[in-house]
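Colleague: Just target-v9.txt, nothing more (compact mmCIF, C-alpha atoms):
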```txt
# COMPACT_ATOMS: atom_id res chain seq x y z
CA PRO A 728 -18.72 6.79 38.13
CA ARG A 729 -16.47 7.60 35.21
CA THR A 730 -13.30 9.44 36.06
CA ARG A 731 -12.09 12.51 34.21
CA GLU A 732 -9.26 10.45 32.73
CA SER A 733 -11.66 7.82 31.35
CA ILE A 734 -13.91 10.52 29.87
CA MET A 735 -10.93 12.16 28.15
CA SER A 736 -9.77 8.78 26.88
CA SER A 737 -13.22 8.08 25.42
CA ARG A 738 -13.28 11.47 23.73
CA GLN A 739 -9.82 10.92 22.29
CA LEU A 740 -10.89 7.52 20.97
CA SER A 741 -14.03 9.06 19.48
CA THR A 742 -11.96 11.71 17.70
CA ALA A 743 -9.59 9.06 16.43
CA TRP A 744 -12.57 7.10 15.11
CA LYS A 745 -13.79 10.07 13.12
CA LEU A 746 -10.36 10.53 11.56
CA THR A 747 -9.41 6.92 10.87
CA LEU A 748 -12.68 5.14 10.10
CA PRO A 749 -13.10 6.64 6.59
CA VAL A 750 -9.49 5.73 5.70
CA THR A 751 -9.94 2.23 7.09
CA ALA A 752 -13.15 1.77 5.13
CA ALA A 753 -11.41 2.99 1.95
CA CYS A 754 -8.50 0.58 2.47
CA LEU A 755 -10.92 -2.32 2.91
CA ILE A 756 -12.88 -1.37 -0.19
CA PHE A 757 -9.74 -0.85 -2.30
CA THR A 758 -8.32 -4.17 -1.08
CA VAL A 759 -11.27 -5.84 -2.82
CA THR A 760 -11.59 -3.59 -5.89
CA GLY A 761 -7.91 -4.07 -6.66
CA PHE A 762 -8.72 -7.61 -7.78
CA PHE A 763 -11.03 -6.29 -10.51
CA GLY A 764 -8.60 -4.08 -12.41
CA GLU A 765 -9.46 -5.80 -15.69
CA THR A 766 -12.89 -4.19 -15.61
CA GLY A 767 -11.90 -0.53 -15.43
CA TRP A 768 -9.22 2.11 -15.14
CA LEU A 769 -10.09 3.36 -11.65
CA LEU A 770 -10.37 -0.15 -10.23
CA ASP A 771 -6.92 -0.98 -11.60
CA LEU A 772 -5.49 2.10 -9.89
CA THR A 773 -6.61 0.70 -6.54
CA SER A 774 -4.45 -2.40 -7.04
CA HIS A 775 -1.12 -0.59 -6.76
CA PHE A 776 -1.03 0.26 -3.03
CA ARG A 777 -1.02 -3.14 -1.34
CA PRO A 778 1.81 -2.31 1.11
CA GLN A 779 0.02 0.86 2.24
CA TYR A 780 -3.27 -0.98 2.73
CA PHE A 781 -1.50 -3.65 4.77
CA LEU A 782 0.25 -1.16 7.05
CA TRP A 783 -2.86 0.90 7.71
CA LEU A 784 -5.20 -2.02 8.30
CA MET A 785 -2.76 -3.88 10.53
CA ALA A 786 -2.14 -0.73 12.59
CA THR A 787 -5.90 -0.16 12.89
CA ALA A 788 -6.53 -3.71 14.06
CA LEU A 789 -3.73 -3.61 16.63
CA VAL A 790 -4.57 -0.16 18.02
CA LEU A 791 -8.26 -0.95 18.38
CA ALA A 792 -7.53 -4.32 19.94
CA PHE A 793 -5.35 -2.71 22.63
CA ARG A 794 -7.37 0.48 23.16
CA SER A 795 -10.94 -0.82 23.15
CA ASN A 796 -12.58 -2.84 25.92
CA GLY A 797 -13.81 -5.45 23.45
CA GLN A 798 -17.48 -4.97 24.36
CA CYS A 799 -18.63 -2.93 21.35
CA PRO A 800 -19.83 -5.22 18.49
CA PHE A 801 -19.03 -2.56 15.90
CA THR A 802 -15.47 -2.20 17.15
CA LYS A 803 -15.06 -5.95 17.12
CA ALA A 804 -16.27 -6.04 13.51
CA VAL A 805 -13.79 -3.34 12.50
CA ILE A 806 -10.95 -5.22 14.20
CA VAL A 807 -11.84 -8.47 12.43
CA LEU A 808 -12.30 -6.83 9.02
CA SER A 809 -9.07 -4.83 9.36
CA ALA A 810 -7.13 -7.94 10.33
CA LEU A 811 -8.64 -9.86 7.43
CA GLY A 812 -7.83 -7.05 4.98
CA ALA A 813 -4.29 -6.85 6.30
CA ALA A 814 -3.88 -10.61 5.87
CA ILE A 815 -5.10 -10.47 2.26
CA ASN A 816 -2.64 -7.73 1.37
CA LEU A 817 0.16 -9.44 3.28
CA ALA A 818 -0.38 -12.60 1.24
CA LEU A 819 0.14 -10.54 -1.93
CA ILE A 820 3.24 -8.63 -0.85
CA ALA A 821 5.02 -11.18 1.37
CA PRO A 822 6.50 -13.19 -1.55
CA TYR A 823 8.49 -10.10 -2.54
CA TRP A 824 10.04 -9.84 0.94
CA ILE A 825 11.44 -13.36 0.77
CA PRO A 826 14.89 -13.47 -0.86
CA ARG A 827 14.96 -15.69 -3.91
CA GLU A 828 17.96 -17.45 -5.34
CA VAL A 829 18.79 -16.25 -8.83
CA ALA A 830 19.76 -19.14 -11.06
CA THR A 831 22.59 -18.17 -13.38
CA GLY A 832 21.87 -21.26 -15.44
CA GLU A 833 24.34 -21.94 -18.21
CA VAL A 834 26.53 -18.84 -17.84
CA SER A 835 29.46 -18.15 -15.55
CA SER A 836 29.20 -14.35 -15.64
CA PRO A 837 25.61 -13.01 -15.63
CA LEU A 838 24.80 -9.91 -17.65
CA LYS A 839 24.12 -6.67 -15.80
CA PHE A 840 21.34 -4.40 -17.04
CA VAL A 841 20.52 -0.85 -16.01
CA SER A 842 17.18 0.74 -16.90
CA CYS A 843 16.76 4.45 -16.18
CA ASN A 844 13.91 6.87 -16.80
CA VAL A 845 15.88 10.07 -17.29
CA ASN A 846 12.96 12.52 -16.92
CA SER A 847 13.50 14.42 -20.15
CA TYR A 848 12.33 17.78 -18.80
CA PHE A 849 14.01 17.93 -15.40
CA GLY A 850 16.73 15.24 -15.45
CA ASP A 851 20.46 15.93 -15.42
CA PRO A 852 22.44 14.19 -18.21
CA ALA A 853 25.71 14.54 -16.30
CA LYS A 854 24.27 12.76 -13.24
CA VAL A 855 22.81 10.01 -15.41
CA GLU A 856 26.15 9.44 -17.11
CA ARG A 857 27.96 9.32 -13.76
CA MET A 858 25.48 6.78 -12.48
CA ILE A 859 25.88 4.58 -15.56
CA ARG A 860 29.67 4.65 -15.37
CA ALA A 861 29.56 3.91 -11.64
CA GLU A 862 27.25 0.92 -12.16
CA ASN A 863 29.25 -0.19 -15.22
CA PRO A 864 26.52 -2.43 -16.69
CA ASP A 865 26.68 -4.54 -19.82
CA VAL A 866 23.44 -3.09 -21.21
CA VAL A 867 21.80 0.28 -20.58
CA LEU A 868 18.22 1.28 -21.36
CA LEU A 869 17.25 4.94 -21.17
CA THR A 870 13.65 6.11 -21.51
CA GLU A 871 12.22 9.60 -22.02
CA VAL A 872 15.22 10.63 -24.12
CA SER A 873 14.96 13.62 -26.45
CA ALA A 874 17.32 14.64 -29.22
CA GLN A 875 19.17 16.90 -26.78
CA TRP A 876 19.57 14.06 -24.31
CA LEU A 877 21.15 11.85 -26.96
CA VAL A 878 23.59 14.61 -27.84
CA SER A 879 24.46 15.13 -24.17
CA LEU A 880 25.13 11.41 -23.70
CA LYS A 881 26.93 10.74 -26.97
CA SER A 882 30.14 9.87 -25.08
CA LEU A 883 28.42 6.70 -23.82
CA ARG A 884 28.66 5.26 -27.31
CA LYS A 885 32.43 4.99 -26.92
CA ASP A 886 32.06 2.35 -24.19
CA TRP A 887 28.59 1.03 -25.07
CA PRO A 888 28.77 1.20 -28.87
CA TYR A 889 25.97 -1.19 -29.82
CA GLY A 890 22.25 -0.53 -29.86
CA CYS A 891 19.81 1.93 -31.35
CA SER A 892 17.50 4.75 -30.33
CA GLU A 893 14.50 6.87 -31.23
CA ASP A 894 14.39 10.34 -29.73
CA ARG A 895 11.09 12.09 -29.11
CA GLU A 896 10.02 15.31 -27.46
CA ASP A 897 6.96 13.83 -25.73
CA SER A 898 8.67 11.74 -23.01
CA PHE A 899 8.51 8.51 -25.02
CA GLY A 900 11.96 8.52 -26.59
CA ILE A 901 14.06 5.41 -25.96
CA ALA A 902 17.72 4.44 -26.31
CA LEU A 903 19.67 1.20 -25.93
CA TYR A 904 23.41 1.05 -25.23
CA SER A 905 25.28 -2.26 -25.11
CA ARG A 906 28.88 -3.12 -24.42
CA LYS A 907 28.40 -6.53 -26.01
CA PRO A 908 27.73 -6.95 -29.74
CA VAL A 909 24.02 -7.06 -30.52
CA LYS A 910 22.89 -9.56 -33.14
CA GLU A 911 19.68 -7.68 -33.80
CA ALA A 912 18.46 -4.28 -32.63
CA SER A 913 15.45 -2.50 -34.04
CA VAL A 914 12.92 0.09 -32.98
CA GLU A 915 9.39 -1.25 -33.13
CA HIS A 916 6.08 0.45 -32.36
CA LEU A 917 3.35 -0.90 -30.12
CA GLY A 918 -0.32 -0.17 -29.65
CA SER A 919 -2.61 2.19 -31.50
CA GLN A 920 -0.36 5.17 -30.73
CA GLY A 921 2.77 3.54 -32.10
CA LEU A 922 4.94 4.28 -29.10
CA PRO A 923 8.50 3.04 -29.64
CA CYS A 924 10.14 0.03 -28.05
CA ILE A 925 13.44 -1.67 -28.85
CA ARG A 926 13.74 -5.37 -29.57
CA ALA A 927 17.28 -6.72 -29.40
CA VAL A 928 19.09 -10.04 -29.43
CA LEU A 929 22.57 -10.57 -28.06
CA GLU A 930 24.76 -13.60 -27.56
CA HIS A 931 26.46 -14.26 -24.25
CA GLU A 932 28.61 -17.33 -23.61
CA GLY A 933 26.89 -19.25 -26.38
CA ASN A 934 23.36 -18.34 -25.25
CA PHE A 935 21.03 -16.01 -27.09
CA LEU A 936 18.96 -13.51 -25.12
CA THR A 937 16.02 -11.67 -26.68
CA PHE A 938 14.92 -8.61 -24.78
CA LEU A 939 12.31 -5.92 -25.23
CA CYS A 940 12.94 -2.39 -23.97
CA THR A 941 9.76 -0.44 -23.46
CA HIS A 942 8.04 2.56 -21.89
CA PRO A 943 4.22 2.55 -22.24
CA ALA A 944 2.01 5.54 -21.53
CA PRO A 945 1.24 6.41 -17.88
CA PRO A 946 -2.33 5.60 -16.76
CA LYS A 947 -3.21 9.19 -15.84
CA SER A 948 -6.59 9.04 -17.59
CA PRO A 949 -8.85 6.35 -19.10
CA ARG A 950 -7.44 7.10 -22.56
CA TYR A 951 -3.83 6.89 -21.44
CA ALA A 952 -4.58 3.71 -19.48
CA GLN A 953 -6.04 2.17 -22.63
CA TRP A 954 -2.90 3.11 -24.59
CA ARG A 955 -0.72 1.54 -21.88
CA ASN A 956 -2.81 -1.63 -21.88
CA GLU A 957 -2.53 -1.87 -25.67
CA ASP A 958 1.26 -1.57 -25.49
CA ILE A 959 1.53 -4.22 -22.79
CA ALA A 960 -0.84 -6.53 -24.68
CA ASP A 961 1.44 -6.31 -27.75
CA MET A 962 4.62 -7.15 -25.83
CA PRO A 963 4.42 -10.98 -25.86
CA SER A 964 4.15 -11.12 -29.65
CA ALA A 965 6.86 -8.47 -30.10
CA LEU A 966 9.19 -10.36 -27.77
CA GLY A 967 8.58 -13.82 -29.22
CA SER A 968 8.53 -17.13 -27.41
CA ARG A 969 11.92 -18.70 -28.12
CA GLY A 970 14.94 -19.00 -25.89
CA HIS A 971 15.91 -16.73 -23.02
CA ARG A 972 13.72 -13.64 -22.88
CA LEU A 973 13.53 -10.42 -20.90
CA ILE A 974 11.34 -7.31 -20.77
CA LEU A 975 12.77 -4.23 -19.11
CA GLY A 976 11.81 -0.59 -18.84
CA ALA A 977 9.24 1.63 -17.17
CA LEU A 978 5.96 -0.23 -17.66
CA ASN A 979 3.85 2.28 -15.67
CA THR A 980 2.17 -0.44 -13.65
CA THR A 981 3.00 -2.48 -10.57
CA THR A 982 3.33 -6.16 -9.92
CA TRP A 983 -0.31 -6.24 -8.73
CA GLY A 984 -1.74 -4.37 -11.73
CA ALA A 985 -4.10 -6.22 -14.07
CA PRO A 986 -2.08 -5.50 -17.26
CA PHE A 987 1.10 -6.82 -15.62
CA ARG A 988 -0.56 -10.00 -14.37
CA ARG A 989 -1.96 -10.58 -17.85
CA LEU A 990 1.49 -10.01 -19.37
CA LEU A 991 2.96 -12.72 -17.14
CA ARG A 992 0.21 -15.16 -18.08
CA GLU A 993 0.45 -14.59 -21.82
CA SER A 994 4.22 -14.37 -22.13
CA GLY A 995 5.21 -17.12 -19.70
CA LEU A 996 7.75 -14.76 -18.12
CA ARG A 997 8.51 -14.55 -14.41
CA ASP A 998 8.22 -11.39 -12.34
CA GLY A 999 11.76 -10.13 -11.76
CA ALA A 1000 10.88 -8.03 -8.69
```
Take the structure in the file and write it out as structure tokens.
Modeller:
Amino acid sequence: PRTRESIMSSRQLSTAWKLTLPVTAACLIFTVTGFFGETGWLLDLTSHFRPQYFLWLMATALVLAFRSNGQCPFTKAVIVLSALGAAINLALIAPYWIPREVATGEVSSPLKFVSCNVNSYFGDPAKVERMIRAENPDVVLLTEVSAQWLVSLKSLRKDWPYGCSEDREDSFGIALYSRKPVKEASVEHLGSQGLPCIRAVLEHEGNFLTFLCTHPAPPKSPRYAQWRNEDIADMPSALGSRGHRLILGALNTTTWGAPFRRLLRESGLRDGA
């Protein structure tokens, strides 16, 4: 006969099933659909949460393995599928947990860059300036700058006098500040919406570095996602293919997003994460 404790345990497990099974099923489905982001906006959105999928699926597999008696075929299937889904996501995120040596190459003092999305509506210019001065970088990129933001941060030009900017009131303004002389610095416009980016070239210890500062549209709707994808697709040609190259900014995607993977393939750049 079943004891009261075993009956309560079964009921608790049943309640847990009702709460967790839909989330587990969603994580398994999104683990797969995340590989097909090229085919649609919603599928690409499912590619950005690999760490969360891994944690949930691994926890589900472990809890069920310890709590169940191993006799239910359905439970066994869920354990196997959860473990498999966790392994797939782990394979995608694990490389970013492994420290990588950064090769300084031909320079003795690497350049330091800071990229900051200032949040034009709710950000605090004084805090941003304090952060920049505390970090003391060679090059600063600010995105979402308006005309008022540029006025509030005009003192930065005393210590970072080189660069250029384009202020906008729609969260797509951009500004570049450099302590080192910039050989070239120009505002260019990407995609069908002509959102601004900055292309600059500077010389450091006899080496030329070309970098693109950018802030595409956020993928909050199919239209905005298309605008972002257009901007990212234009980046390799805007950056060029010669010498040392760098793209920095708020790209509004993740390392697992389809537009970002395509950018790496077409530009020949390496993920800096």
Colleague: Please provide as a PDB file with C-alpha atoms, in the coordinates of the input all residues within 12 Å of Thr758 (chain A), with the sequence filter that same-chain residues fewer than 2 positions apart are discarded (counting all atoms listed in the file).
Modeller:
```pdb
ATOM      1  CA  THR A 751      -9.940   2.230   7.090  1.00  0.00           C
ATOM      2  CA  ALA A 752     -13.150   1.770   5.130  1.00  0.00           C
ATOM      3  CA  ALA A 753     -11.410   2.990   1.950  1.00  0.00           C
ATOM      4  CA  CYS A 754      -8.500   0.580   2.470  1.00  0.00           C
ATOM      5  CA  LEU A 755     -10.920  -2.320   2.910  1.00  0.00           C
ATOM      6  CA  ILE A 756     -12.880  -1.370  -0.190  1.00  0.00           C
ATOM      7  CA  THR A 760     -11.590  -3.590  -5.890  1.00  0.00           C
ATOM      8  CA  GLY A 761      -7.910  -4.070  -6.660  1.00  0.00           C
ATOM      9  CA  PHE A 762      -8.720  -7.610  -7.780  1.00  0.00           C
ATOM     10  CA  PHE A 763     -11.030  -6.290 -10.510  1.00  0.00           C
ATOM     11  CA  GLY A 764      -8.600  -4.080 -12.410  1.00  0.00           C
ATOM     12  CA  LEU A 770     -10.370  -0.150 -10.230  1.00  0.00           C
ATOM     13  CA  ASP A 771      -6.920  -0.980 -11.600  1.00  0.00           C
ATOM     14  CA  LEU A 772      -5.490   2.100  -9.890  1.00  0.00           C
ATOM     15  CA  THR A 773      -6.610   0.700  -6.540  1.00  0.00           C
ATOM     16  CA  SER A 774      -4.450  -2.400  -7.040  1.00  0.00           C
ATOM     17  CA  HIS A 775      -1.120  -0.590  -6.760  1.00  0.00           C
ATOM     18  CA  PHE A 776      -1.030   0.260  -3.030  1.00  0.00           C
ATOM     19  CA  ARG A 777      -1.020  -3.140  -1.340  1.00  0.00           C
ATOM     20  CA  PRO A 778       1.810  -2.310   1.110  1.00  0.00           C
ATOM     21  CA  GLN A 779       0.020   0.860   2.240  1.00  0.00           C
ATOM     22  CA  TYR A 780      -3.270  -0.980   2.730  1.00  0.00           C
ATOM     23  CA  PHE A 781      -1.500  -3.650   4.770  1.00  0.00           C
ATOM     24  CA  TRP A 783      -2.860   0.900   7.710  1.00  0.00           C
ATOM     25  CA  LEU A 784      -5.200  -2.020   8.300  1.00  0.00           C
ATOM     26  CA  LEU A 808     -12.300  -6.830   9.020  1.00  0.00           C
ATOM     27  CA  SER A 809      -9.070  -4.830   9.360  1.00  0.00           C
ATOM     28  CA  LEU A 811      -8.640  -9.860   7.430  1.00  0.00           C
ATOM     29  CA  GLY A 812      -7.830  -7.050   4.980  1.00  0.00           C
ATOM     30  CA  ALA A 813      -4.290  -6.850   6.300  1.00  0.00           C
ATOM     31  CA  ALA A 814      -3.880 -10.610   5.870  1.00  0.00           C
ATOM     32  CA  ILE A 815      -5.100 -10.470   2.260  1.00  0.00           C
ATOM     33  CA  ASN A 816      -2.640  -7.730   1.370  1.00  0.00           C
ATOM     34  CA  LEU A 817       0.160  -9.440   3.280  1.00  0.00           C
ATOM     35  CA  ALA A 818      -0.380 -12.600   1.240  1.00  0.00           C
ATOM     36  CA  LEU A 819       0.140 -10.540  -1.930  1.00  0.00           C
ATOM     37  CA  TRP A 983      -0.310  -6.240  -8.730  1.00  0.00           C
TER      38      TRP A 983
END
```
Colleague: A:Val872, A:Ile974, A:Asn979, A:Asn934: which is nearest Tyr951 (chain A), counting only C-alpha atoms?
Modeller: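 The shortest atom-to-atom distance to Tyr951 (chain A) comes from A:Asn979.
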Colleague: Distance CA of Val855 (chain A)-CA of Ala902 (chain A), one decimal place?
Modeller: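 Interatomic distance here is 13.3 Å.
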Colleague: Which residues come within 8 Å of Arg895 (chain A), counting only C-alpha atoms, excluding same-chain residues fewer than 6 positions away, as number ranges by chain?
Modeller: A: 871-874, 901
Colleague: What does the file look like for those residues with C-alpha atoms, as a PDB file, keeping the file's coordinate frame?
Modeller:
```
ATOM      1  CA  GLU A 871      12.220   9.600 -22.020  1.00  0.00           C
ATOM      2  CA  VAL A 872      15.220  10.630 -24.120  1.00  0.00           C
ATOM      3  CA  SER A 873      14.960  13.620 -26.450  1.00  0.00           C
ATOM      4  CA  ALA A 874      17.320  14.640 -29.220  1.00  0.00           C
ATOM      5  CA  ILE A 901      14.060   5.410 -25.960  1.00  0.00           C
TER       6      ILE A 901
END
```
Colleague: So how far away is CA of Leu868 (chain A) from CA of Val841 (chain A), in Å?
Modeller: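 Atom-to-atom, CA of Val841 (chain A) to CA of Leu868 (chain A), that is 6.2 Å.
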Colleague: Find the spatial neighbours of Leu975 (chain A), counting all atoms listed in the file, within a cut-off of 8 Å - ignore same-chain residues fewer than 3 positions away - and output them as a PyMOL selection string.
Modeller: chain A and resi 842+938-941
Colleague: What's around Asp998 (chain A) at 12 Å? Count all atoms listed in the file, leave out sequence neighbours fewer than 6 positions away in its own chain, and write the answer as a PyMOL selection string.
Modeller: chain A and resi 822-823+827+973-975+981-983+987-992
Colleague: Show which residues sit within 12 Å of Asp851 (chain A), as a list in words. Count all atoms listed in the file, and ignore same-chain residues fewer than 6 positions away.
Modeller: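 In the requested format, the answer is Asn844, Val845, Arg857, Met858, Val872, Gln875, Trp876, Ser879 and Leu880 of chain A.
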Colleague: Which distance in Å separates CA of Ala792 (chain A) and CA of Trp824 (chain A), to one decimal?
Modeller: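 Between these atoms lies a distance of 26.5 Å.
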